[in-house]
Amino acid sequence: LWRFGYSARLLKTNHFRTAASNTSFPAVWMLLAQYSGTVPACFVVVKKNTFFTMPETVPETDKTNLELYSPHPEVRGMTQLNRAAFNRTVVVPVLKVKKEVVNTLLKSLKHTVLQRPGLKRVVEDPEDEDGRLVILDPHKIPEFSLGESEQEVLKQLNVRPEVSKYNLELTYENFKSEEILRAVLPEGQEVTSGFSRVGHIAHLNLRDHQLPYRYLIGQVIIDKNPGITCVVNKTSIIDSTYRNFQMEVLAGESNLVTKVKENNIAYELDFSTVYWNPRLSTEHSRIVELLKPGDVLLDVFAGIGPFAIPAAKKKCRVFANDLNPESYRWLLHNCKLNKVDNKIKAFNMDGRDFLLGPVREELSKELPLLKEEQKTSFHIVMNLPALAIEFLDVFRHLLVGEPCSTAALPTVHCYGFSKHDDPAKDIQERAEASLGTSLAGRCSTYLVRNVAPNKEMLCISFQIPADVLYKRPCPDEAKPASKRLCTSEDFSEEKLPS
């Protein structure tokens, strides 16, 4: 579950536990989707071909081969994919029946008949053109012997309760990606079959012990996931400056320019030069839902526009910035692609310079014009979790004067990582240290996702306190207010008038 970024807190909730305990495994994933808004991209149904050989009747006491879900053991340690090496013959139990009773029999023995995706449950009987062979689950019929309830069903349908032995020929196509990788990697080692999907690209984060098998892993993912034509593995940590990382193409084409769709909006990007994380789709939507038409969004680390573009489509005024020249280029491209280029002012600046320049200019111009009854809100998004909290000190005395309305103070949504036992407390304390004030009772924290078992990504949201944002005229009777500006010390308890 960590692999897909689902929260351990979600799995521990009483509501989820109760629902999951009474639900089949596929439905559990749908419950996860209900809570998180996403379904793991690797759960794709693939149709496969299956080959069969002649059956033979055997004594009911014979043991069955239970290796139905395991490739041939000789593939262990393979580093270059050889699909033919996965072929194996598995002995399974079958019932010989007339074709006219097949459908009734399948319904009556639905818990006993083979239910493996990609494998046929019914095949022709080579010894009787009017007959069919119904394949039973070898795990349910381990001794090739039917139970009393199954025998009663067969008696009512006039079917001989004799179980035959059938040689089922399995190939590479019949095995799932995780089964293949579990058979190839050393026993006891963690198997990777999960990945992030970005258009036609599958993005892996392989562990050291998996690297010798990386090219095989890449090819298996392409084979088992329709639409994936390129597999890459991250080879370095994310660069804090441009938020991209070095990667190696493991399999498929080397084209890393791709197109994705998130929340019904299309984006195009070069995955090798810009940052894109499909696991943030729900978070992008959450923030945009807070905005109303006419609001102003100031996106400090905008990337290619996942906050900015949907906000502009919602008829908000948007200022979007990113330091990475490639992100800026794709931001402009996606603004035109989505026909919002006339609603977004884009910048290619350092985040601090953007806050001290265009953001301060816009707030200085617009905030004094707002009246108490006006509903326009200003939202500042700072999605650079590795560093964003360090930028909060920019808001100290960013503006000069008196706030026209407490309600008009901008709301900041700042992201950060935490490895602390109490990540919400950690994020708040670090934000308070940068702002130089307490946020107790004036902020909210939201768990975005689990980056790793001991690393959380959170968002802290708060209105910038007026005494932080504004450098006010001093209450000094000796000098006109217009002649002297005060500092935070002038508003200490001892200096304020009674």
# chains A, B, ... in the order shown; residues from 1 in each chain; ligands from 1
call {"tool": "select_by_dssp", "arguments": {"residues": "range 390-441 of chain A", "states": "strand (DSSP E or B)", "output": "PyMOL selection string"}}
result
chain A and resi 399-400+411-418
call {"tool": "residues_around", "arguments": {"residues": "range 265-267 of chain A", "least_positions_apart": "5", "cutoff": "6 Å", "atoms": "only C-alpha atoms", "output": "PyMOL selection string"}}
result
chain A and resi 259-260+334
call {"tool": "write_last_selection", "arguments": {"atoms": "C-alpha atoms", "output": "mmCIF file, in the first residue's frame"}}
result
data_model
loop_
_atom_site.group_PDB
_atom_site.id
_atom_site.type_symbol
_atom_site.label_atom_id
_atom_site.label_comp_id
_atom_site.auth_asym_id
_atom_site.auth_seq_id
_atom_site.Cartn_x
_atom_site.Cartn_y
_atom_site.Cartn_z
ATOM 1 C CA LYS A 259 0.300 13.982 -22.545
ATOM 2 C CA VAL A 260 -1.690 13.440 -19.366
ATOM 3 C CA ASN A 334 -0.477 24.323 -21.498
#
call {"tool": "residues_around", "arguments": {"residues": "Gly77 in chain A", "least_positions_apart": "6", "cutoff": "12 Å", "atoms": "only C-alpha atoms", "output": "number ranges by chain"}}
result
A: 85, 180-187, 189, 209-210, 212-213, 216
call {"tool": "write_last_selection", "arguments": {"atoms": "all heavy atoms", "output": "compact mmCIF listing (two decimals), in the first residue's frame"}}
result
# COMPACT_ATOMS: atom_id res chain seq x y z
N ALA A 85 10.95 -19.31 -21.53
CA ALA A 85 11.38 -20.03 -20.32
C ALA A 85 10.28 -20.12 -19.28
O ALA A 85 10.40 -20.88 -18.31
CB ALA A 85 12.62 -19.35 -19.73
N ILE A 180 5.46 -13.04 -12.23
CA ILE A 180 6.69 -13.18 -13.01
C ILE A 180 7.88 -12.65 -12.23
O ILE A 180 8.92 -13.32 -12.13
CB ILE A 180 6.55 -12.43 -14.36
CG1 ILE A 180 5.53 -13.15 -15.24
CG2 ILE A 180 7.90 -12.32 -15.06
CD1 ILE A 180 5.17 -12.39 -16.50
N LEU A 181 7.73 -11.47 -11.66
CA LEU A 181 8.86 -10.87 -10.95
C LEU A 181 9.18 -11.63 -9.67
O LEU A 181 10.35 -11.74 -9.28
CB LEU A 181 8.55 -9.40 -10.64
CG LEU A 181 8.32 -8.51 -11.88
CD1 LEU A 181 8.07 -7.08 -11.46
CD2 LEU A 181 9.49 -8.59 -12.83
N ARG A 182 8.17 -12.16 -8.99
CA ARG A 182 8.42 -12.94 -7.79
C ARG A 182 9.18 -14.22 -8.13
O ARG A 182 10.01 -14.70 -7.34
CB ARG A 182 7.10 -13.29 -7.10
CG ARG A 182 7.30 -13.95 -5.73
CD ARG A 182 5.99 -14.32 -5.07
NE ARG A 182 5.18 -13.16 -4.77
CZ ARG A 182 4.01 -12.90 -5.34
NH1 ARG A 182 3.52 -13.74 -6.24
NH2 ARG A 182 3.34 -11.83 -5.03
N ALA A 183 8.92 -14.77 -9.31
CA ALA A 183 9.62 -15.98 -9.73
C ALA A 183 11.06 -15.70 -10.15
O ALA A 183 11.93 -16.55 -10.03
CB ALA A 183 8.87 -16.64 -10.89
N VAL A 184 11.32 -14.48 -10.64
CA VAL A 184 12.64 -14.14 -11.17
C VAL A 184 13.58 -13.64 -10.07
O VAL A 184 14.74 -14.08 -9.98
CB VAL A 184 12.51 -13.08 -12.28
CG1 VAL A 184 13.88 -12.50 -12.63
CG2 VAL A 184 11.85 -13.67 -13.51
N LEU A 185 13.11 -12.73 -9.23
CA LEU A 185 13.96 -12.14 -8.20
C LEU A 185 14.32 -13.18 -7.13
O LEU A 185 13.59 -14.15 -6.94
CB LEU A 185 13.27 -10.94 -7.55
CG LEU A 185 13.56 -9.58 -8.20
CD1 LEU A 185 13.04 -9.51 -9.61
CD2 LEU A 185 12.98 -8.44 -7.36
N PRO A 186 15.43 -12.97 -6.43
CA PRO A 186 15.80 -13.91 -5.37
C PRO A 186 14.68 -14.08 -4.35
O PRO A 186 13.95 -13.13 -4.05
CB PRO A 186 17.03 -13.24 -4.73
CG PRO A 186 17.59 -12.37 -5.81
CD PRO A 186 16.41 -11.89 -6.60
N GLU A 187 14.52 -15.29 -3.84
CA GLU A 187 13.46 -15.57 -2.88
C GLU A 187 13.60 -14.68 -1.65
O GLU A 187 14.70 -14.45 -1.15
CB GLU A 187 13.50 -17.04 -2.45
CG GLU A 187 13.04 -17.99 -3.54
CD GLU A 187 12.90 -19.41 -3.01
OE1 GLU A 187 11.88 -19.69 -2.36
OE2 GLU A 187 13.82 -20.22 -3.26
N GLN A 189 13.08 -11.51 -1.51
CA GLN A 189 13.32 -10.10 -1.84
C GLN A 189 12.02 -9.42 -2.23
O GLN A 189 11.12 -10.03 -2.80
CB GLN A 189 14.31 -9.99 -3.01
CG GLN A 189 15.71 -10.51 -2.69
CD GLN A 189 16.51 -9.51 -1.87
OE1 GLN A 189 15.97 -8.59 -1.29
NE2 GLN A 189 17.82 -9.71 -1.84
N HIS A 209 18.54 -3.84 -4.60
CA HIS A 209 18.57 -5.27 -4.92
C HIS A 209 17.80 -5.59 -6.20
O HIS A 209 17.93 -6.69 -6.75
CB HIS A 209 18.01 -6.09 -3.74
CG HIS A 209 16.53 -5.95 -3.56
ND1 HIS A 209 15.94 -4.97 -2.81
CD2 HIS A 209 15.50 -6.69 -4.06
CE1 HIS A 209 14.63 -5.10 -2.83
NE2 HIS A 209 14.33 -6.14 -3.58
N GLN A 210 16.99 -4.63 -6.68
CA GLN A 210 16.22 -4.86 -7.90
C GLN A 210 16.94 -4.38 -9.16
O GLN A 210 16.55 -4.74 -10.27
CB GLN A 210 14.87 -4.15 -7.79
CG GLN A 210 14.01 -4.66 -6.64
CD GLN A 210 12.92 -3.69 -6.25
OE1 GLN A 210 12.98 -2.50 -6.57
NE2 GLN A 210 11.91 -4.19 -5.55
N PRO A 212 19.81 -5.13 -10.71
CA PRO A 212 20.29 -6.09 -11.71
C PRO A 212 19.20 -6.61 -12.64
O PRO A 212 19.48 -7.10 -13.73
CB PRO A 212 20.89 -7.23 -10.86
CG PRO A 212 21.22 -6.59 -9.54
CD PRO A 212 20.15 -5.56 -9.33
N TYR A 213 17.93 -6.50 -12.21
CA TYR A 213 16.80 -7.03 -12.97
C TYR A 213 16.00 -5.91 -13.65
O TYR A 213 14.89 -6.13 -14.13
CB TYR A 213 15.88 -7.84 -12.06
CG TYR A 213 16.60 -8.90 -11.27
CD1 TYR A 213 17.12 -8.61 -9.99
CD2 TYR A 213 16.81 -10.17 -11.79
CE1 TYR A 213 17.80 -9.58 -9.28
CE2 TYR A 213 17.48 -11.15 -11.07
CZ TYR A 213 17.99 -10.84 -9.81
OH TYR A 213 18.67 -11.79 -9.10
N LEU A 216 14.64 -6.30 -17.30
CA LEU A 216 13.57 -7.29 -17.34
C LEU A 216 12.29 -6.72 -16.73
O LEU A 216 11.20 -6.88 -17.30
CB LEU A 216 14.01 -8.55 -16.60
CG LEU A 216 13.00 -9.71 -16.54
CD1 LEU A 216 13.71 -11.05 -16.60
CD2 LEU A 216 12.15 -9.66 -15.27
call {"tool": "select_by_dssp", "arguments": {"residues": "range 313-428 of chain A", "states": "alpha helix (DSSP H)", "output": "number ranges by chain"}}
result
A: 313, 325-337, 351-354, 360-366, 423-428
call {"tool": "atom_distance", "arguments": {"atom1": "CA of Lys339 in chain A", "atom2": "CA of Val296 in chain A"}}
result
18.3 Å
call {"tool": "atom_distance", "arguments": {"atom1": "CA of Leu384 in chain A", "atom2": "CA of Cys414 in chain A"}}
result
8.0 Å
call {"tool": "residues_around", "arguments": {"residues": "Thr258 in chain A", "least_positions_apart": "3", "cutoff": "6 Å", "atoms": "only C-alpha atoms", "output": "MDAnalysis selection string"}}
result
chainID A and resid 199 268:269
call {"tool": "closest_residue", "arguments": {"among": "A:Phe307, A:Val159, A:Val274, A:Asp341", "to": "Leu323 in chain A", "atoms": "only C-alpha atoms"}}
result
A:Val274
call {"tool": "closest_residue", "arguments": {"among": "A:Ser418, A:Ser285, A:Ser272, A:Gln115", "to": "Lys455 in chain A", "atoms": "only C-alpha atoms"}}
result
A:Ser418
call {"tool": "residues_around", "arguments": {"residues": "Asp299 in chain A", "least_positions_apart": "4", "cutoff": "8 Å", "atoms": "only C-alpha atoms", "output": "list in words"}}
result
Phe307, Ala308, Val318, Phe319, Ala320, Asn321, Ile380, Val381 and Met382 of chain A
call {"tool": "residues_around", "arguments": {"residues": "Asp353 in chain A", "least_positions_apart": "4", "cutoff": "12 Å", "atoms": "only C-alpha atoms", "output": "VMD selection string"}}
result
chain A and resid 300 to 301 321 to 323 347 to 349 357 to 361 391 394
call {"tool": "atom_distance", "arguments": {"atom1": "CA of Val97 in chain A", "atom2": "CA of Gly131 in chain A"}}
result
5.6 Å
call {"tool": "closest_residue", "arguments": {"among": "A:Val191, A:Leu458, A:Leu109, A:Val198", "to": "Glu152 in chain A", "atoms": "only C-alpha atoms"}}
result
A:Leu109
call {"tool": "closest_atom_pairs", "arguments": {"of": "range 354-397 of chain A", "to": "range 422-440 of chain A", "cutoff": "10 Å", "atoms": "only C-alpha atoms", "output": "tab-separated table"}}
result
residue	atom	partner	partner_atom	distance
A:Ala388	CA	A:Ala431	CA	9.5
A:Ile389	CA	A:Ala431	CA	5.9
A:Glu390	CA	A:Ser434	CA	6.4
A:Phe391	CA	A:Ser434	CA	7.6
A:Leu392	CA	A:Ser434	CA	5.5
A:Asp393	CA	A:Ser434	CA	4.8
A:Val394	CA	A:Leu435	CA	8.1
A:Phe395	CA	A:Leu435	CA	7.1
A:Arg396	CA	A:Leu435	CA	6.4
call {"tool": "write_last_selection", "arguments": {"atoms": "N, CA and C atoms", "output": "short mmCIF file (atom, residue, chain, number, x, y, z; two decimals), in the first residue's frame"}}
result
data_model
loop_
_atom_site.label_atom_id
_atom_site.label_comp_id
_atom_site.auth_asym_id
_atom_site.auth_seq_id
_atom_site.Cartn_x
_atom_site.Cartn_y
_atom_site.Cartn_z
N ALA A 388 9.53 25.03 0.77
CA ALA A 388 8.56 26.13 0.79
C ALA A 388 8.46 26.84 2.13
N ILE A 389 8.53 26.07 3.23
CA ILE A 389 8.38 26.70 4.55
C ILE A 389 9.47 27.74 4.80
N GLU A 390 10.64 27.53 4.22
CA GLU A 390 11.74 28.48 4.39
C GLU A 390 11.46 29.81 3.69
N PHE A 391 10.48 29.84 2.80
CA PHE A 391 10.13 31.07 2.09
C PHE A 391 9.11 31.92 2.85
N LEU A 392 8.52 31.38 3.91
CA LEU A 392 7.46 32.10 4.61
C LEU A 392 7.94 33.39 5.26
N ASP A 393 9.22 33.49 5.55
CA ASP A 393 9.73 34.72 6.17
C ASP A 393 9.56 35.93 5.26
N VAL A 394 9.36 35.70 3.96
CA VAL A 394 9.15 36.81 3.02
C VAL A 394 7.91 37.62 3.41
N PHE A 395 6.93 37.00 4.05
CA PHE A 395 5.69 37.71 4.38
C PHE A 395 5.85 38.68 5.54
N ARG A 396 6.97 38.63 6.24
CA ARG A 396 7.16 39.58 7.34
C ARG A 396 7.28 40.99 6.79
#
call {"tool": "closest_residue", "arguments": {"among": "A:Gly227, A:Ser364, A:Phe417, A:Ala302", "to": "Ala452 in chain A", "atoms": "only C-alpha atoms"}}
result
A:Phe417
call {"tool": "residues_around", "arguments": {"residues": "Val163 in chain A", "least_positions_apart": "2", "cutoff": "7 Å", "atoms": "only C-alpha atoms", "output": "compact mmCIF listing (two decimals) with N, CA and C atoms, in the first residue's frame"}}
result
# COMPACT_ATOMS: atom_id res chain seq x y z
N GLU A 60 -8.97 -40.67 -8.12
CA GLU A 60 -9.30 -39.49 -7.35
C GLU A 60 -8.32 -39.24 -6.22
N PRO A 93 -7.76 -30.37 -12.22
CA PRO A 93 -8.94 -31.26 -12.29
C PRO A 93 -10.00 -30.71 -13.24
N VAL A 94 -10.68 -31.61 -13.97
CA VAL A 94 -11.76 -31.21 -14.87
C VAL A 94 -12.92 -32.17 -14.74
N LEU A 95 -14.08 -31.68 -15.15
CA LEU A 95 -15.28 -32.52 -15.25
C LEU A 95 -15.68 -32.62 -16.71
N PHE A 144 -8.43 -34.21 -5.98
CA PHE A 144 -9.22 -34.65 -7.14
C PHE A 144 -10.48 -35.39 -6.68
N SER A 145 -11.02 -34.92 -5.57
CA SER A 145 -12.20 -35.57 -5.02
C SER A 145 -13.22 -34.49 -4.68
N PRO A 161 -19.86 -37.88 -11.53
CA PRO A 161 -19.01 -37.18 -10.55
C PRO A 161 -17.57 -37.65 -10.57
N LYS A 165 -7.98 -35.74 -14.86
CA LYS A 165 -6.74 -34.99 -14.78
C LYS A 165 -6.44 -34.37 -16.14
call {"tool": "decode", "arguments": {"residues": "range 262-304 of chain A", "atoms": "N, CA and C atoms", "output": "CSV table (one decimal), in the first residue's frame"}}
result
chain,number,residue,atom,x,y,z
A,262,GLU,N,-5.7,15.3,-16.2
A,262,GLU,CA,-6.0,15.3,-14.7
A,262,GLU,C,-7.2,16.2,-14.4
A,263,ASN,N,-8.2,15.6,-13.8
A,263,ASN,CA,-9.4,16.4,-13.4
A,263,ASN,C,-10.0,17.0,-14.7
A,264,ASN,N,-10.0,16.2,-15.8
A,264,ASN,CA,-10.6,16.6,-17.1
A,264,ASN,C,-9.9,17.8,-17.8
A,265,ILE,N,-8.6,18.0,-17.4
A,265,ILE,CA,-7.8,19.0,-18.0
A,265,ILE,C,-6.5,18.3,-18.6
A,266,ALA,N,-6.2,18.6,-19.9
A,266,ALA,CA,-5.1,18.0,-20.5
A,266,ALA,C,-3.8,18.8,-20.3
A,267,TYR,N,-2.7,18.1,-20.1
A,267,TYR,CA,-1.4,18.8,-20.0
A,267,TYR,C,-0.4,18.0,-20.8
A,268,GLU,N,0.5,18.8,-21.4
A,268,GLU,CA,1.6,18.2,-22.2
A,268,GLU,C,2.9,18.5,-21.5
A,269,LEU,N,3.9,17.6,-21.5
A,269,LEU,CA,5.1,17.9,-20.7
A,269,LEU,C,6.3,17.0,-21.2
A,270,ASP,N,7.5,17.4,-20.9
A,270,ASP,CA,8.6,16.5,-21.0
A,270,ASP,C,9.0,16.0,-19.7
A,271,PHE,N,8.7,14.7,-19.4
A,271,PHE,CA,8.9,14.2,-18.1
A,271,PHE,C,10.4,14.2,-17.6
A,272,SER,N,11.3,14.3,-18.5
A,272,SER,CA,12.7,14.4,-18.1
A,272,SER,C,13.2,15.7,-17.7
A,273,THR,N,12.4,16.8,-17.9
A,273,THR,CA,12.8,18.1,-17.6
A,273,THR,C,11.9,18.9,-16.6
A,274,VAL,N,10.7,18.4,-16.4
A,274,VAL,CA,9.8,19.1,-15.5
A,274,VAL,C,9.3,18.1,-14.4
A,275,TYR,N,8.7,18.6,-13.4
A,275,TYR,CA,8.1,17.8,-12.3
A,275,TYR,C,6.6,17.6,-12.5
A,276,TRP,N,6.3,16.3,-12.4
A,276,TRP,CA,4.8,15.9,-12.5
A,276,TRP,C,4.6,14.7,-11.7
A,277,ASN,N,3.6,14.8,-10.8
A,277,ASN,CA,3.3,13.6,-9.9
A,277,ASN,C,1.8,13.3,-10.0
A,278,PRO,N,1.5,12.2,-10.6
A,278,PRO,CA,0.0,11.9,-10.8
A,278,PRO,C,-0.7,11.6,-9.4
A,279,ARG,N,0.1,11.4,-8.4
A,279,ARG,CA,-0.5,11.1,-7.1
A,279,ARG,C,-1.1,12.4,-6.4
A,280,LEU,N,-0.8,13.6,-7.0
A,280,LEU,CA,-1.3,14.8,-6.4
A,280,LEU,C,-2.6,15.3,-7.0
A,281,SER,N,-3.2,14.5,-7.9
A,281,SER,CA,-4.4,14.9,-8.5
A,281,SER,C,-5.5,15.4,-7.6
A,282,THR,N,-5.7,14.6,-6.5
A,282,THR,CA,-6.7,14.9,-5.5
A,282,THR,C,-6.4,16.2,-4.8
A,283,GLU,N,-5.1,16.5,-4.5
A,283,GLU,CA,-4.7,17.7,-3.8
A,283,GLU,C,-4.9,18.9,-4.7
A,284,HIS,N,-4.6,18.8,-6.0
A,284,HIS,CA,-4.8,19.9,-6.9
A,284,HIS,C,-6.3,20.3,-6.9
A,285,SER,N,-7.1,19.2,-7.0
A,285,SER,CA,-8.6,19.5,-7.0
A,285,SER,C,-9.1,20.1,-5.7
A,286,ARG,N,-8.5,19.6,-4.6
A,286,ARG,CA,-9.0,20.1,-3.3
A,286,ARG,C,-8.8,21.6,-3.1
A,287,ILE,N,-7.6,22.1,-3.5
A,287,ILE,CA,-7.3,23.5,-3.4
A,287,ILE,C,-8.1,24.3,-4.4
A,288,VAL,N,-8.3,23.9,-5.6
A,288,VAL,CA,-9.1,24.6,-6.6
A,288,VAL,C,-10.5,24.7,-6.2
A,289,GLU,N,-11.0,23.7,-5.5
A,289,GLU,CA,-12.4,23.7,-5.0
A,289,GLU,C,-12.6,24.8,-3.9
A,290,LEU,N,-11.6,25.3,-3.3
A,290,LEU,CA,-11.7,26.3,-2.3
A,290,LEU,C,-11.9,27.7,-2.9
A,291,LEU,N,-11.5,27.8,-4.2
A,291,LEU,CA,-11.6,29.1,-4.9
A,291,LEU,C,-13.0,29.4,-5.5
A,292,LYS,N,-13.3,30.6,-5.6
A,292,LYS,CA,-14.5,31.1,-6.2
A,292,LYS,C,-14.2,31.9,-7.4
A,293,PRO,N,-15.1,32.0,-8.4
A,293,PRO,CA,-14.9,32.9,-9.5
A,293,PRO,C,-14.6,34.3,-9.0
A,294,GLY,N,-13.6,34.9,-9.6
A,294,GLY,CA,-13.2,36.3,-9.2
A,294,GLY,C,-12.1,36.3,-8.1
A,295,ASP,N,-11.8,35.2,-7.5
A,295,ASP,CA,-10.7,35.1,-6.6
A,295,ASP,C,-9.3,35.3,-7.3
A,296,VAL,N,-8.3,35.5,-6.5
A,296,VAL,CA,-6.9,35.7,-7.1
A,296,VAL,C,-6.1,34.5,-6.6
A,297,LEU,N,-5.4,33.8,-7.5
A,297,LEU,CA,-4.5,32.7,-7.1
A,297,LEU,C,-3.1,33.2,-7.5
A,298,LEU,N,-2.2,33.1,-6.5
A,298,LEU,CA,-0.8,33.5,-6.7
A,298,LEU,C,0.0,32.2,-6.4
A,299,ASP,N,0.4,31.6,-7.5
A,299,ASP,CA,1.1,30.2,-7.5
A,299,ASP,C,2.6,30.4,-7.6
A,300,VAL,N,3.3,30.2,-6.4
A,300,VAL,CA,4.7,30.5,-6.4
A,300,VAL,C,5.6,29.5,-7.1
A,301,PHE,N,5.2,28.3,-7.0
A,301,PHE,CA,6.0,27.2,-7.6
A,301,PHE,C,5.1,26.4,-8.5
A,302,ALA,N,4.7,27.0,-9.6
A,302,ALA,CA,3.5,26.6,-10.4
A,302,ALA,C,3.8,25.3,-11.2
A,303,GLY,N,5.0,24.9,-11.5
A,303,GLY,CA,5.3,23.8,-12.4
A,303,GLY,C,4.6,24.1,-13.8
A,304,ILE,N,4.0,23.1,-14.3
A,304,ILE,CA,3.4,23.2,-15.6
A,304,ILE,C,1.9,23.6,-15.5
